[in-house]
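Visitor: I am sharing final_8.pdb, which consists of PDB, C-alpha atoms and all ligand atoms:
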ATOM      1  CA  MET A   1      39.276 -15.000   4.946
ATOM      2  CA  SER A   2      35.929 -16.786   4.456
ATOM      3  CA  THR A   3      35.851 -19.853   2.242
ATOM      4  CA  ILE A   4      32.048 -19.773   2.195
ATOM      5  CA  PRO A   5      30.797 -18.299  -1.075
ATOM      6  CA  ILE A   6      28.752 -15.155  -1.592
ATOM      7  CA  LEU A   7      25.737 -15.751  -3.845
ATOM      8  CA  VAL A   8      25.483 -13.358  -6.791
ATOM      9  CA  VAL A   9      21.974 -13.521  -8.276
ATOM     10  CA  GLY A  10      22.101 -12.310 -11.867
ATOM     11  CA  GLY A  11      25.822 -13.073 -11.959
ATOM     12  CA  ASN A  12      26.092 -12.529 -15.731
ATOM     13  CA  GLY A  13      24.112  -9.272 -15.737
ATOM     14  CA  LYS A  14      25.285  -5.668 -15.987
ATOM     15  CA  THR A  15      25.780  -5.283 -12.239
ATOM     16  CA  GLY A  16      26.084  -8.934 -11.138
ATOM     17  CA  ARG A  17      29.012  -9.576 -13.482
ATOM     18  CA  ARG A  18      30.857  -6.625 -11.997
ATOM     19  CA  VAL A  19      29.992  -7.515  -8.394
ATOM     20  CA  ASN A  20      31.187 -11.050  -9.035
ATOM     21  CA  SER A  21      34.529 -10.080 -10.534
ATOM     22  CA  LYS A  22      35.205  -7.398  -7.905
ATOM     23  CA  LEU A  23      34.561  -9.926  -5.106
ATOM     24  CA  GLN A  24      36.819 -12.462  -6.816
ATOM     25  CA  ALA A  25      39.529  -9.812  -7.190
ATOM     26  CA  LEU A  26      39.407  -9.467  -3.384
ATOM     27  CA  GLY A  27      40.026 -13.218  -3.154
ATOM     28  CA  LEU A  28      36.478 -13.963  -2.000
ATOM     29  CA  PRO A  29      34.669 -17.081  -3.225
ATOM     30  CA  THR A  30      31.430 -16.439  -5.125
ATOM     31  CA  ARG A  31      28.523 -18.355  -6.610
ATOM     32  CA  PRO A  32      27.163 -16.413  -9.600
ATOM     33  CA  VAL A  33      23.748 -17.751 -10.646
ATOM     34  CA  SER A  34      21.056 -17.218 -13.277
ATOM     35  CA  ARG A  35      18.887 -19.490 -15.424
ATOM     36  CA  SER A  36      21.914 -20.687 -17.410
ATOM     37  CA  THR A  37      24.151 -21.726 -14.489
ATOM     38  CA  SER A  38      24.434 -24.926 -12.489
ATOM     39  CA  PRO A  39      22.772 -24.809 -10.073
ATOM     40  CA  ALA A  40      20.272 -22.793 -12.093
ATOM     41  CA  PHE A  41      18.438 -19.884 -10.491
ATOM     42  CA  ASP A  42      15.131 -18.708 -11.935
ATOM     43  CA  TRP A  43      12.938 -16.061 -10.303
ATOM     44  CA  THR A  44       9.892 -17.742 -11.859
ATOM     45  CA  LYS A  45      10.813 -21.126 -10.286
ATOM     46  CA  PRO A  46      11.056 -20.771  -6.487
ATOM     47  CA  GLU A  47      12.188 -24.392  -6.244
ATOM     48  CA  THR A  48      15.547 -23.300  -7.743
ATOM     49  CA  TRP A  49      16.222 -20.734  -4.991
ATOM     50  CA  GLY A  50      17.064 -23.157  -2.148
ATOM     51  CA  PRO A  51      19.857 -25.079  -3.926
ATOM     52  CA  ALA A  52      21.431 -21.770  -5.001
ATOM     53  CA  LEU A  53      21.318 -20.350  -1.465
ATOM     54  CA  GLU A  54      22.588 -23.549   0.191
ATOM     55  CA  GLY A  55      26.034 -23.104   1.738
ATOM     56  CA  THR A  56      26.353 -19.362   1.025
ATOM     57  CA  HIS A  57      26.619 -16.696   3.727
ATOM     58  CA  ALA A  58      25.533 -13.508   1.945
ATOM     59  CA  ALA A  59      23.917 -12.531  -1.341
ATOM     60  CA  TYR A  60      23.860  -9.797  -3.968
ATOM     61  CA  VAL A  61      20.377  -9.782  -5.472
ATOM     62  CA  SER A  62      19.400  -8.268  -8.815
ATOM     63  CA  PHE A  63      15.813  -9.182  -9.637
ATOM     64  CA  GLN A  64      14.408  -9.950 -13.115
ATOM     65  CA  PRO A  65      12.906  -8.294 -14.987
ATOM     66  CA  ASP A  66      12.189  -5.466 -12.502
ATOM     67  CA  LEU A  67      10.944  -5.221  -8.926
ATOM     68  CA  ALA A  68       7.955  -3.240 -10.237
ATOM     69  CA  VAL A  69       6.412  -6.214 -12.082
ATOM     70  CA  PRO A  70       3.463  -8.011 -10.468
ATOM     71  CA  GLY A  71       4.803 -10.599  -8.033
ATOM     72  CA  GLY A  72       8.121  -8.818  -7.469
ATOM     73  CA  VAL A  73       7.366  -7.848  -3.875
ATOM     74  CA  GLU A  74       6.157 -11.354  -3.011
ATOM     75  CA  ALA A  75       9.233 -12.927  -4.631
ATOM     76  CA  ILE A  76      11.625 -10.768  -2.592
ATOM     77  CA  ALA A  77       9.671 -11.533   0.609
ATOM     78  CA  ALA A  78       9.798 -15.295  -0.055
ATOM     79  CA  PHE A  79      13.449 -15.238  -1.179
ATOM     80  CA  SER A  80      14.507 -13.261   1.916
ATOM     81  CA  ALA A  81      12.623 -15.610   4.252
ATOM     82  CA  LEU A  82      14.304 -18.600   2.618
ATOM     83  CA  ALA A  83      17.712 -16.913   2.830
ATOM     84  CA  ARG A  84      17.169 -16.390   6.551
ATOM     85  CA  GLU A  85      16.178 -20.045   6.946
ATOM     86  CA  LYS A  86      19.373 -21.067   5.112
ATOM     87  CA  GLY A  87      21.444 -18.995   7.542
ATOM     88  CA  LEU A  88      22.517 -16.070   5.330
ATOM     89  CA  ASP A  89      23.521 -13.100   7.415
ATOM     90  CA  HIS A  90      23.337 -10.316   4.815
ATOM     91  CA  ILE A  91      21.521  -9.434   1.576
ATOM     92  CA  VAL A  92      22.315  -6.538  -0.747
ATOM     93  CA  LEU A  93      19.323  -5.726  -2.956
ATOM     94  CA  LEU A  94      19.523  -3.733  -6.181
ATOM     95  CA  SER A  95      16.454  -1.516  -6.465
ATOM     96  CA  GLY A  96      15.171   1.273  -8.710
ATOM     97  CA  ARG A  97      14.552   4.914  -7.859
ATOM     98  CA  GLY A  98      11.059   6.367  -7.852
ATOM     99  CA  GLU A  99       9.265   3.038  -8.209
ATOM    100  CA  GLU A 100       6.600   2.500  -5.569
ATOM    101  CA  GLN A 101       6.577  -1.276  -6.062
ATOM    102  CA  ALA A 102      10.368  -1.457  -5.814
ATOM    103  CA  GLN A 103      10.223   0.384  -2.514
ATOM    104  CA  ARG A 104       7.650  -2.156  -1.296
ATOM    105  CA  ALA A 105      10.071  -4.931  -2.239
ATOM    106  CA  GLU A 106      12.824  -3.164  -0.267
ATOM    107  CA  GLN A 107      10.461  -3.118   2.703
ATOM    108  CA  ALA A 108       9.797  -6.848   2.321
ATOM    109  CA  LEU A 109      13.531  -7.492   2.600
ATOM    110  CA  GLN A 110      13.808  -5.170   5.592
ATOM    111  CA  ASP A 111      10.937  -6.990   7.310
ATOM    112  CA  SER A 112      12.507 -10.419   6.776
ATOM    113  CA  GLY A 113      14.893 -10.281   9.721
ATOM    114  CA  VAL A 114      18.025 -10.686   7.548
ATOM    115  CA  SER A 115      20.535  -7.852   7.758
ATOM    116  CA  TRP A 116      20.251  -5.820   4.541
ATOM    117  CA  THR A 117      21.592  -3.040   2.346
ATOM    118  CA  VAL A 118      19.549  -1.491  -0.463
ATOM    119  CA  VAL A 119      21.282   0.039  -3.485
ATOM    120  CA  ARG A 120      18.536   2.154  -5.079
ATOM    121  CA  ALA A 121      19.775   3.147  -8.508
ATOM    122  CA  SER A 122      18.899   5.647 -11.230
ATOM    123  CA  TRP A 123      19.125   4.678 -14.932
ATOM    124  CA  PHE A 124      22.347   2.866 -15.759
ATOM    125  CA  ASN A 125      24.894   4.304 -18.200
ATOM    126  CA  GLN A 126      25.353   0.765 -19.465
ATOM    127  CA  ASN A 127      21.827   0.694 -20.942
ATOM    128  CA  PHE A 128      23.538   2.375 -23.925
ATOM    129  CA  SER A 129      26.193  -0.320 -24.339
ATOM    130  CA  GLU A 130      25.047  -3.561 -22.690
ATOM    131  CA  SER A 131      21.278  -3.389 -22.925
ATOM    132  CA  PHE A 132      18.247  -2.308 -24.928
ATOM    133  CA  LEU A 133      19.666   1.042 -26.133
ATOM    134  CA  LEU A 134      22.747  -0.540 -27.761
ATOM    135  CA  ASP A 135      20.873  -1.357 -30.986
ATOM    136  CA  GLY A 136      19.879   2.302 -31.332
ATOM    137  CA  VAL A 137      23.461   3.493 -30.822
ATOM    138  CA  MET A 138      24.646   1.052 -33.510
ATOM    139  CA  SER A 139      21.889   1.940 -35.992
ATOM    140  CA  GLY A 140      22.361   5.680 -35.527
ATOM    141  CA  GLU A 141      18.979   6.517 -34.001
ATOM    142  CA  ILE A 142      17.628   6.209 -30.476
ATOM    143  CA  ALA A 143      13.877   6.807 -30.584
ATOM    144  CA  LEU A 144      12.298   7.167 -27.140
ATOM    145  CA  PRO A 145       9.380   8.897 -25.410
ATOM    146  CA  ALA A 146      11.741  10.467 -22.864
ATOM    147  CA  GLY A 147      11.122  14.162 -23.579
ATOM    148  CA  ASP A 148      13.370  16.749 -21.982
ATOM    149  CA  VAL A 149      13.509  15.018 -18.631
ATOM    150  CA  ARG A 150      16.989  14.999 -17.136
ATOM    151  CA  GLU A 151      18.270  11.752 -15.663
ATOM    152  CA  PRO A 152      21.394  11.432 -13.466
ATOM    153  CA  PHE A 153      22.634   8.246 -15.182
ATOM    154  CA  VAL A 154      24.692   6.071 -12.833
ATOM    155  CA  ASP A 155      27.562   3.759 -13.728
ATOM    156  CA  ALA A 156      27.157   0.005 -13.164
ATOM    157  CA  ASP A 157      30.725  -0.029 -11.832
ATOM    158  CA  ASP A 158      29.717   2.420  -9.080
ATOM    159  CA  ILE A 159      26.705   0.254  -8.234
ATOM    160  CA  ALA A 160      28.995  -2.772  -8.025
ATOM    161  CA  ASP A 161      31.544  -0.909  -5.868
ATOM    162  CA  VAL A 162      28.796   0.071  -3.412
ATOM    163  CA  ALA A 163      27.423  -3.486  -3.384
ATOM    164  CA  VAL A 164      30.863  -5.000  -2.778
ATOM    165  CA  ALA A 165      31.504  -2.570   0.093
ATOM    166  CA  ALA A 166      28.136  -3.534   1.582
ATOM    167  CA  LEU A 167      28.965  -7.237   1.269
ATOM    168  CA  THR A 168      32.433  -6.973   2.776
ATOM    169  CA  GLU A 169      32.305  -4.131   5.349
ATOM    170  CA  ILE A 170      30.023  -4.211   8.364
ATOM    171  CA  GLY A 171      29.298  -0.448   8.422
ATOM    172  CA  HIS A 172      26.834  -0.531   5.501
ATOM    173  CA  ARG A 173      24.262  -2.755   7.140
ATOM    174  CA  ASN A 174      20.616  -1.716   7.266
ATOM    175  CA  ARG A 175      21.158   1.315   5.034
ATOM    176  CA  VAL A 176      19.575   2.519   1.804
ATOM    177  CA  TYR A 177      22.116   3.976  -0.631
ATOM    178  CA  GLU A 178      20.384   5.999  -3.319
ATOM    179  CA  VAL A 179      22.951   6.093  -6.102
ATOM    180  CA  THR A 180      23.091   8.440  -9.114
ATOM    181  CA  GLY A 181      25.769   9.900 -11.314
ATOM    182  CA  PRO A 182      27.109  13.409 -10.589
ATOM    183  CA  ARG A 183      25.161  15.118 -13.428
ATOM    184  CA  ALA A 184      21.577  14.975 -14.684
ATOM    185  CA  ILE A 185      21.322  15.098 -18.495
ATOM    186  CA  THR A 186      18.579  14.538 -21.056
ATOM    187  CA  PHE A 187      18.562  11.430 -23.236
ATOM    188  CA  ALA A 188      19.268  13.733 -26.194
ATOM    189  CA  GLN A 189      22.397  15.081 -24.444
ATOM    190  CA  ALA A 190      23.530  11.551 -23.570
ATOM    191  CA  VAL A 191      23.140  10.472 -27.202
ATOM    192  CA  GLU A 192      24.986  13.598 -28.376
ATOM    193  CA  GLU A 193      27.940  12.797 -26.079
ATOM    194  CA  ILE A 194      28.112   9.277 -27.479
ATOM    195  CA  ALA A 195      27.895  10.573 -31.063
ATOM    196  CA  VAL A 196      30.741  13.068 -30.522
ATOM    197  CA  ALA A 197      32.963  10.496 -28.805
ATOM    198  CA  THR A 198      32.395   7.779 -31.415
ATOM    199  CA  GLY A 199      32.574  10.209 -34.333
ATOM    200  CA  ARG A 200      29.425   8.660 -35.781
ATOM    201  CA  PRO A 201      26.092  10.352 -36.496
ATOM    202  CA  ILE A 202      23.645   9.145 -33.837
ATOM    203  CA  ARG A 203      20.496  11.102 -33.187
ATOM    204  CA  TYR A 204      17.869  11.128 -30.482
ATOM    205  CA  THR A 205      14.285  11.173 -31.788
ATOM    206  CA  GLN A 206      11.392  12.018 -29.525
ATOM    207  CA  ILE A 207       8.414   9.733 -30.167
ATOM    208  CA  PRO A 208       4.988   9.405 -28.511
ATOM    209  CA  LEU A 209       4.644   6.689 -25.862
ATOM    210  CA  GLU A 210       2.100   4.810 -28.031
ATOM    211  CA  THR A 211       4.528   4.639 -30.991
ATOM    212  CA  PHE A 212       7.249   3.351 -28.654
ATOM    213  CA  VAL A 213       4.960   0.659 -27.226
ATOM    214  CA  ASP A 214       3.744  -0.362 -30.731
ATOM    215  CA  GLY A 215       7.390  -0.749 -31.773
ATOM    216  CA  LEU A 216       8.126  -2.987 -28.789
ATOM    217  CA  ARG A 217       5.130  -5.164 -29.671
ATOM    218  CA  GLN A 218       6.190  -5.375 -33.315
ATOM    219  CA  ALA A 219       9.647  -6.464 -32.135
ATOM    220  CA  GLU A 220       7.792  -9.261 -30.307
ATOM    221  CA  LEU A 221       9.065  -8.370 -26.859
ATOM    222  CA  PRO A 222       7.281 -10.360 -24.145
ATOM    223  CA  ASP A 223       4.131  -8.665 -22.811
ATOM    224  CA  ASP A 224       5.528  -8.205 -19.287
ATOM    225  CA  LEU A 225       8.595  -6.425 -20.663
ATOM    226  CA  VAL A 226       6.435  -4.187 -22.870
ATOM    227  CA  GLY A 227       4.279  -3.326 -19.838
ATOM    228  CA  LEU A 228       7.364  -2.606 -17.779
ATOM    229  CA  LEU A 229       8.950  -0.279 -20.359
ATOM    230  CA  GLU A 230       5.579   1.461 -20.844
ATOM    231  CA  GLU A 231       5.417   2.048 -17.086
ATOM    232  CA  LEU A 232       9.049   3.208 -16.881
ATOM    233  CA  PHE A 233       8.716   5.719 -19.736
ATOM    234  CA  GLY A 234       5.075   6.672 -19.130
ATOM    235  CA  THR A 235       5.229   7.202 -15.380
ATOM    236  CA  ASN A 236       8.718   7.239 -13.933
ATOM    237  CA  LEU A 237      10.319   9.655 -16.384
ATOM    238  CA  ASP A 238       8.339  12.636 -15.107
ATOM    239  CA  GLY A 239      11.256  14.373 -13.412
ATOM    240  CA  ARG A 240      10.870  12.626 -10.067
ATOM    241  CA  ASN A 241      14.337  11.080 -10.470
ATOM    242  CA  THR A 242      16.136  14.158 -11.750
ATOM    243  CA  PRO A 243      17.594  15.354  -8.399
ATOM    244  CA  LEU A 244      21.046  13.976  -7.621
ATOM    245  CA  ALA A 245      21.444  11.537  -4.749
ATOM    246  CA  HIS A 246      24.656  10.876  -2.879
ATOM    247  CA  GLY A 247      24.772   7.157  -2.128
ATOM    248  CA  VAL A 248      28.098   6.632  -3.882
ATOM    249  CA  GLU A 249      29.819   9.301  -1.755
ATOM    250  CA  GLU A 250      28.081   8.045   1.405
ATOM    251  CA  ALA A 251      29.187   4.445   0.861
ATOM    252  CA  LEU A 252      32.605   4.949  -0.710
ATOM    253  CA  ALA A 253      33.734   8.459   0.310
ATOM    254  CA  ARG A 254      34.442   9.338  -3.324
ATOM    255  CA  PRO A 255      32.407  10.965  -6.091
ATOM    256  CA  PRO A 256      30.502   8.865  -8.657
ATOM    257  CA  ARG A 257      31.849   8.350 -12.182
ATOM    258  CA  ASP A 258      30.624  10.910 -14.721
ATOM    259  CA  PHE A 259      28.723   9.951 -17.886
ATOM    260  CA  SER A 260      31.623  11.246 -19.986
ATOM    261  CA  ASP A 261      34.058   8.862 -18.189
ATOM    262  CA  TYR A 262      31.713   6.017 -19.093
ATOM    263  CA  VAL A 263      31.523   7.155 -22.726
ATOM    264  CA  ARG A 264      35.332   7.426 -22.999
ATOM    265  CA  LYS A 265      35.853   3.983 -21.459
ATOM    266  CA  THR A 266      33.202   2.356 -23.642
ATOM    267  CA  VAL A 267      34.762   3.849 -26.789
ATOM    268  CA  GLU A 268      38.151   2.443 -25.683
ATOM    269  CA  GLN A 269      36.575  -0.985 -25.148
ATOM    270  CA  GLY A 270      35.355  -0.911 -28.757
ATOM    271  CA  ILE A 271      31.785  -1.886 -27.846
ATOM    272  CA  TRP A 272      30.312   0.774 -30.152
ATOM    273  CA  SER A 273      32.651   0.007 -33.060
ATOM    274  CA  ARG A 274      31.977  -3.718 -33.369
ATOM    275  CA  LYS A 275      30.470  -5.062 -36.563
ATOM    276  CA  PRO A 276      26.905  -6.356 -36.014
TER     277      PRO A 276
HETATM  278  N1  LIG B   1      18.845  -0.807 -16.240
HETATM  279  C1  LIG B   1      18.593   0.197 -15.428
HETATM  280  O1  LIG B   1      18.749   1.382 -15.793
HETATM  281  C2  LIG B   1      18.129  -0.079 -14.015
HETATM  282  C3  LIG B   1      17.994   0.979 -13.117
HETATM  283  C4  LIG B   1      17.613   0.709 -11.785
HETATM  284  C5  LIG B   1      17.370  -0.608 -11.399
HETATM  285  N2  LIG B   1      17.506  -1.615 -12.308
HETATM  286  C6  LIG B   1      17.237  -2.994 -11.890
HETATM  287  O2  LIG B   1      18.361  -3.812 -12.136
HETATM  288  C7  LIG B   1      17.917  -5.178 -12.161
HETATM  289  C8  LIG B   1      18.657  -5.898 -13.254
HETATM  290  O3  LIG B   1      20.022  -5.898 -12.912
HETATM  291  P1  LIG B   1      21.126  -5.948 -14.044
HETATM  292  O4  LIG B   1      20.850  -4.856 -15.035
HETATM  293  O5  LIG B   1      22.427  -6.000 -13.365
HETATM  294  O6  LIG B   1      20.812  -7.334 -14.718
HETATM  295  P2  LIG B   1      20.681  -7.669 -16.253
HETATM  296  O7  LIG B   1      21.848  -7.184 -17.010
HETATM  297  O8  LIG B   1      19.315  -7.241 -16.691
HETATM  298  O9  LIG B   1      20.763  -9.258 -16.099
HETATM  299  C9  LIG B   1      20.417 -10.021 -17.100
HETATM  300  C10 LIG B   1      20.548 -11.487 -16.672
HETATM  301  O10 LIG B   1      19.463 -11.903 -15.824
HETATM  302  C11 LIG B   1      19.228 -13.257 -16.092
HETATM  303  N3  LIG B   1      17.786 -13.537 -16.002
HETATM  304  C12 LIG B   1      16.819 -13.186 -16.864
HETATM  305  N4  LIG B   1      15.622 -13.647 -16.452
HETATM  306  C13 LIG B   1      15.849 -14.331 -15.297
HETATM  307  C14 LIG B   1      15.033 -15.040 -14.399
HETATM  308  N5  LIG B   1      13.716 -15.220 -14.602
HETATM  309  N6  LIG B   1      15.591 -15.592 -13.308
HETATM  310  C15 LIG B   1      16.913 -15.476 -13.075
HETATM  311  N7  LIG B   1      17.764 -14.809 -13.901
HETATM  312  C16 LIG B   1      17.228 -14.250 -14.998
HETATM  313  C17 LIG B   1      19.753 -13.516 -17.507
HETATM  314  O11 LIG B   1      20.730 -14.526 -17.463
HETATM  315  P3  LIG B   1      20.272 -16.024 -17.868
HETATM  316  O12 LIG B   1      19.769 -15.948 -19.261
HETATM  317  O13 LIG B   1      21.517 -16.800 -17.694
HETATM  318  O14 LIG B   1      19.204 -16.372 -16.878
HETATM  319  C18 LIG B   1      20.417 -12.233 -17.926
HETATM  320  O15 LIG B   1      21.706 -12.375 -18.486
HETATM  321  C19 LIG B   1      16.411  -5.142 -12.384
HETATM  322  O16 LIG B   1      15.758  -5.508 -11.187
HETATM  323  C20 LIG B   1      16.147  -3.686 -12.698
HETATM  324  O17 LIG B   1      14.886  -3.268 -12.278
HETATM  325  C21 LIG B   1      17.891  -1.387 -13.593
END
Kindly return the structure encoded in the file as structure tokens.
Guide:
Amino acid sequence: MSTIPILVVGGNGKTGRRVNSKLQALGLPTRPVSRSTSPAFDWTKPETWGPALEGTHAAYVSFQPDLAVPGGVEAIAAFSALAREKGLDHIVLLSGRGEEQAQRAEQALQDSGVSWTVVRASWFNQNFSESFLLDGVMSGEIALPAGDVREPFVDADDIADVAVAALTEIGHRNRVYEVTGPRAITFAQAVEEIAVATGRPIRYTQIPLETFVDGLRQAELPDDLVGLLEELFGTNLDGRNTPLAHGVEEALARPPRDFSDYVRKTVEQGIWSRKP
């Protein structure tokens, strides 16, 4: 078994944390990195990339804040070239469905000469419990400009299982796995499922995109994040990502976890019953 670590970029994030612990459970050494680790890794500081890559043989890469932001493609191209220089033999990149810029970043990795796997994901279930929709669940109202578009929410544990397979089994090299859950539901239906399971009144409110963006600005979110969320809700949620994809089955020969499994597990974990 290799004693050389696998780099996990975004090792404390929704997917990185899971990738890291699943690799460790297999007895594999890892190096989880982000801005708060030592060595630190910061996508905005390319000088931090080399020390993080040094002495690793493969990497799981989740980019921040999103491959669609300006500079994302160039960052993945430069990171992949450096990884090749440092002798890494495989990179697994987390990407987003239906984002033209993200697909350009995937191409930059593919052009780098390093062996690669792309995990191209739909919206994560865990946005409701470990990310920007948690506050809405806790306050009893999720207000979004998402309309009636159905999204096949995918579980971060499925993403991590696919990534770990791609990092540890040779057969997943140079493949794109488009991963979704097994069921496309509206945001209103997702919120309703959470409300029923928690036994608390939580409602989905449809708001215009401009109201949503004004709210983000009032909450003093950084401009690039506001622009990103505006793009995600204004452009990407037009139904292009509603069809199911089968990357989880293709990679793991089992069906993806359903949204209701996620809701049940999250209720058991007590995440939605904690005091603020
Ligand atoms: N959420 C979704 O529904 C969805 C769907 C498809 C694709 N994606 C993609 O998933 C990726 C995010 O993965 P994730 O959700 O697993 O991660 P995440 O939970 O968003 O990871 C957050 C961690 O990233 C670190 N971070 C923030 N800024 C950084 C920077 N400049 N450089 C290095 N690290 C930084 C932070 O840790 P420190 O504070 O310690 O740095 C933070 O804890 C994005 O590229 C996104 O586009 C998301």
Visitor: Within 9 Å of region 165-171 of chain A, which residues of region 29-96 of chain A come that close, and what is the closest atom pair and distance in Å for each? Count only C-alpha atoms and give it as a tab-separated table.
Guide:
residue	atom	partner	partner_atom	distance
A:Ala58	CA	A:Leu167	CA	7.2
A:Ala59	CA	A:Leu167	CA	7.8
A:Tyr60	CA	A:Leu167	CA	7.7
A:His90	CA	A:Leu167	CA	7.3
A:Ile91	CA	A:Leu167	CA	7.8
A:Val92	CA	A:Ala166	CA	7.0
Visitor: List as a list in words the protein and nucleic acid residues near Ala146 (chain A), meaning an atom at most 7 Å away when all atoms listed in the file are counted, but skip any in the same chain fewer than 5 places from it.
Guide: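 Close residues of Ala146 (chain A): Phe187, Gln206, Phe233 and Leu237 of chain A.
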Visitor: Taking all atoms listed in the file into account, list the residues no farther than 9 Å from ligand LIG 1 (chain B), as a ChimeraX atom specification.
Guide: /A:9-18,33-37,40-45,61-69,93-97,102,119-127,130-132,153-154,156
Visitor: Counting all atoms listed in the file, figure out which residue out of A:Glu141, A:Glu220, A:Glu85, A:Glu178 gets nearest to Thr205 (chain A).
Guide: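 For Thr205 (chain A), the nearest of the candidates is A:Glu141.
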Visitor: Could you check which of A:Leu225, A:Ala160, A:Val149, A:Ala52 is closest to Pro70 (chain A), using only C-alpha atoms?
Guide: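 Of A:Leu225, A:Ala160, A:Val149, A:Ala52, the one nearest Pro70 (chain A), counting only C-alpha atoms, is A:Leu225.
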Visitor: Go through A:Gly181, A:Gly247, A:Pro201, A:Gly227 one by one, measure the shortest atom-to-atom distance of each to Val213 (chain A) using all atoms listed in the file, and give the residue with the smallest value.
Guide: A:Gly227
Visitor: Name the residues within 10 Å of (30.8, 9.0, -32.2), counting only C-alpha atoms in the file's coordinates, and put them as a count of residues only.
Guide: 18
Visitor: Determine, counting only C-alpha atoms, which protein, DNA and RNA residues have an atom within 10 Å of an atom of Val164 (chain A); residues of the same chain fewer than 6 positions away are not included. Present the result as a list of chain:residue names.
Guide: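 Final neighbour list, sorted by chain and number: A:Arg18, A:Val19, A:Asn20, A:Ser21, A:Lys22, A:Leu23, A:Leu26, A:Tyr60, A:Val92, A:Asp158.
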Visitor: In Å, how far is it from CA of Pro5 (chain A) to CA of Gly50 (chain A)?
Guide: 14.6 Å
Visitor: Have a look at CA of Arg31 (chain A) and CA of Ala77 (chain A) and let me know their distance in Å, one decimal.
Guide: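 Pair CA of Arg31 (chain A) / CA of Ala77 (chain A) returns 21.3 Å.
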Visitor: For the structure shown, which residues end up in the PyMOL selection byres (((chain A and resi 250) around 10) and not hetatm)? Put them as an mmCIF file with C-alpha atoms, in the coordinates of the input, please?
Guide:
data_model
loop_
_atom_site.group_PDB
_atom_site.id
_atom_site.type_symbol
_atom_site.label_atom_id
_atom_site.label_comp_id
_atom_site.auth_asym_id
_atom_site.auth_seq_id
_atom_site.Cartn_x
_atom_site.Cartn_y
_atom_site.Cartn_z
ATOM 1 C CA VAL A 162 28.796 0.071 -3.412
ATOM 2 C CA HIS A 172 26.834 -0.531 5.501
ATOM 3 C CA TYR A 177 22.116 3.976 -0.631
ATOM 4 C CA GLU A 178 20.384 5.999 -3.319
ATOM 5 C CA VAL A 179 22.951 6.093 -6.102
ATOM 6 C CA ALA A 245 21.444 11.537 -4.749
ATOM 7 C CA HIS A 246 24.656 10.876 -2.879
ATOM 8 C CA GLY A 247 24.772 7.157 -2.128
ATOM 9 C CA VAL A 248 28.098 6.632 -3.882
ATOM 10 C CA GLU A 249 29.819 9.301 -1.755
ATOM 11 C CA ALA A 251 29.187 4.445 0.861
ATOM 12 C CA LEU A 252 32.605 4.949 -0.710
ATOM 13 C CA ALA A 253 33.734 8.459 0.310
ATOM 14 C CA ARG A 254 34.442 9.338 -3.324
ATOM 15 C CA PRO A 255 32.407 10.965 -6.091
#
Visitor: Rank A:Thr186, A:Thr3, A:Thr242, A:Thr180 by their smallest atom-to-atom distance to Pro29 (chain A), using all atoms listed in the file, and report the top residue only.
Guide: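 Of A:Thr186, A:Thr3, A:Thr242, A:Thr180, the one nearest Pro29 (chain A) is A:Thr3, counting all atoms listed in the file.
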Visitor: Rounded to one decimal, what separation in Å do you get between CA of Pro32 (chain A) and CA of Gly98 (chain A)?
Guide: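 These two atoms are separated by 28.0 Å.
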Visitor: Assuming the chain letters and numbering stay as they are in my file, what does the PyMOL selection byres (((chain A and resi 182) around 7) and not hetatm) actually select? List them as a VMD selection string.
Guide: chain A and resid 152 180 to 181 183 244 256 258
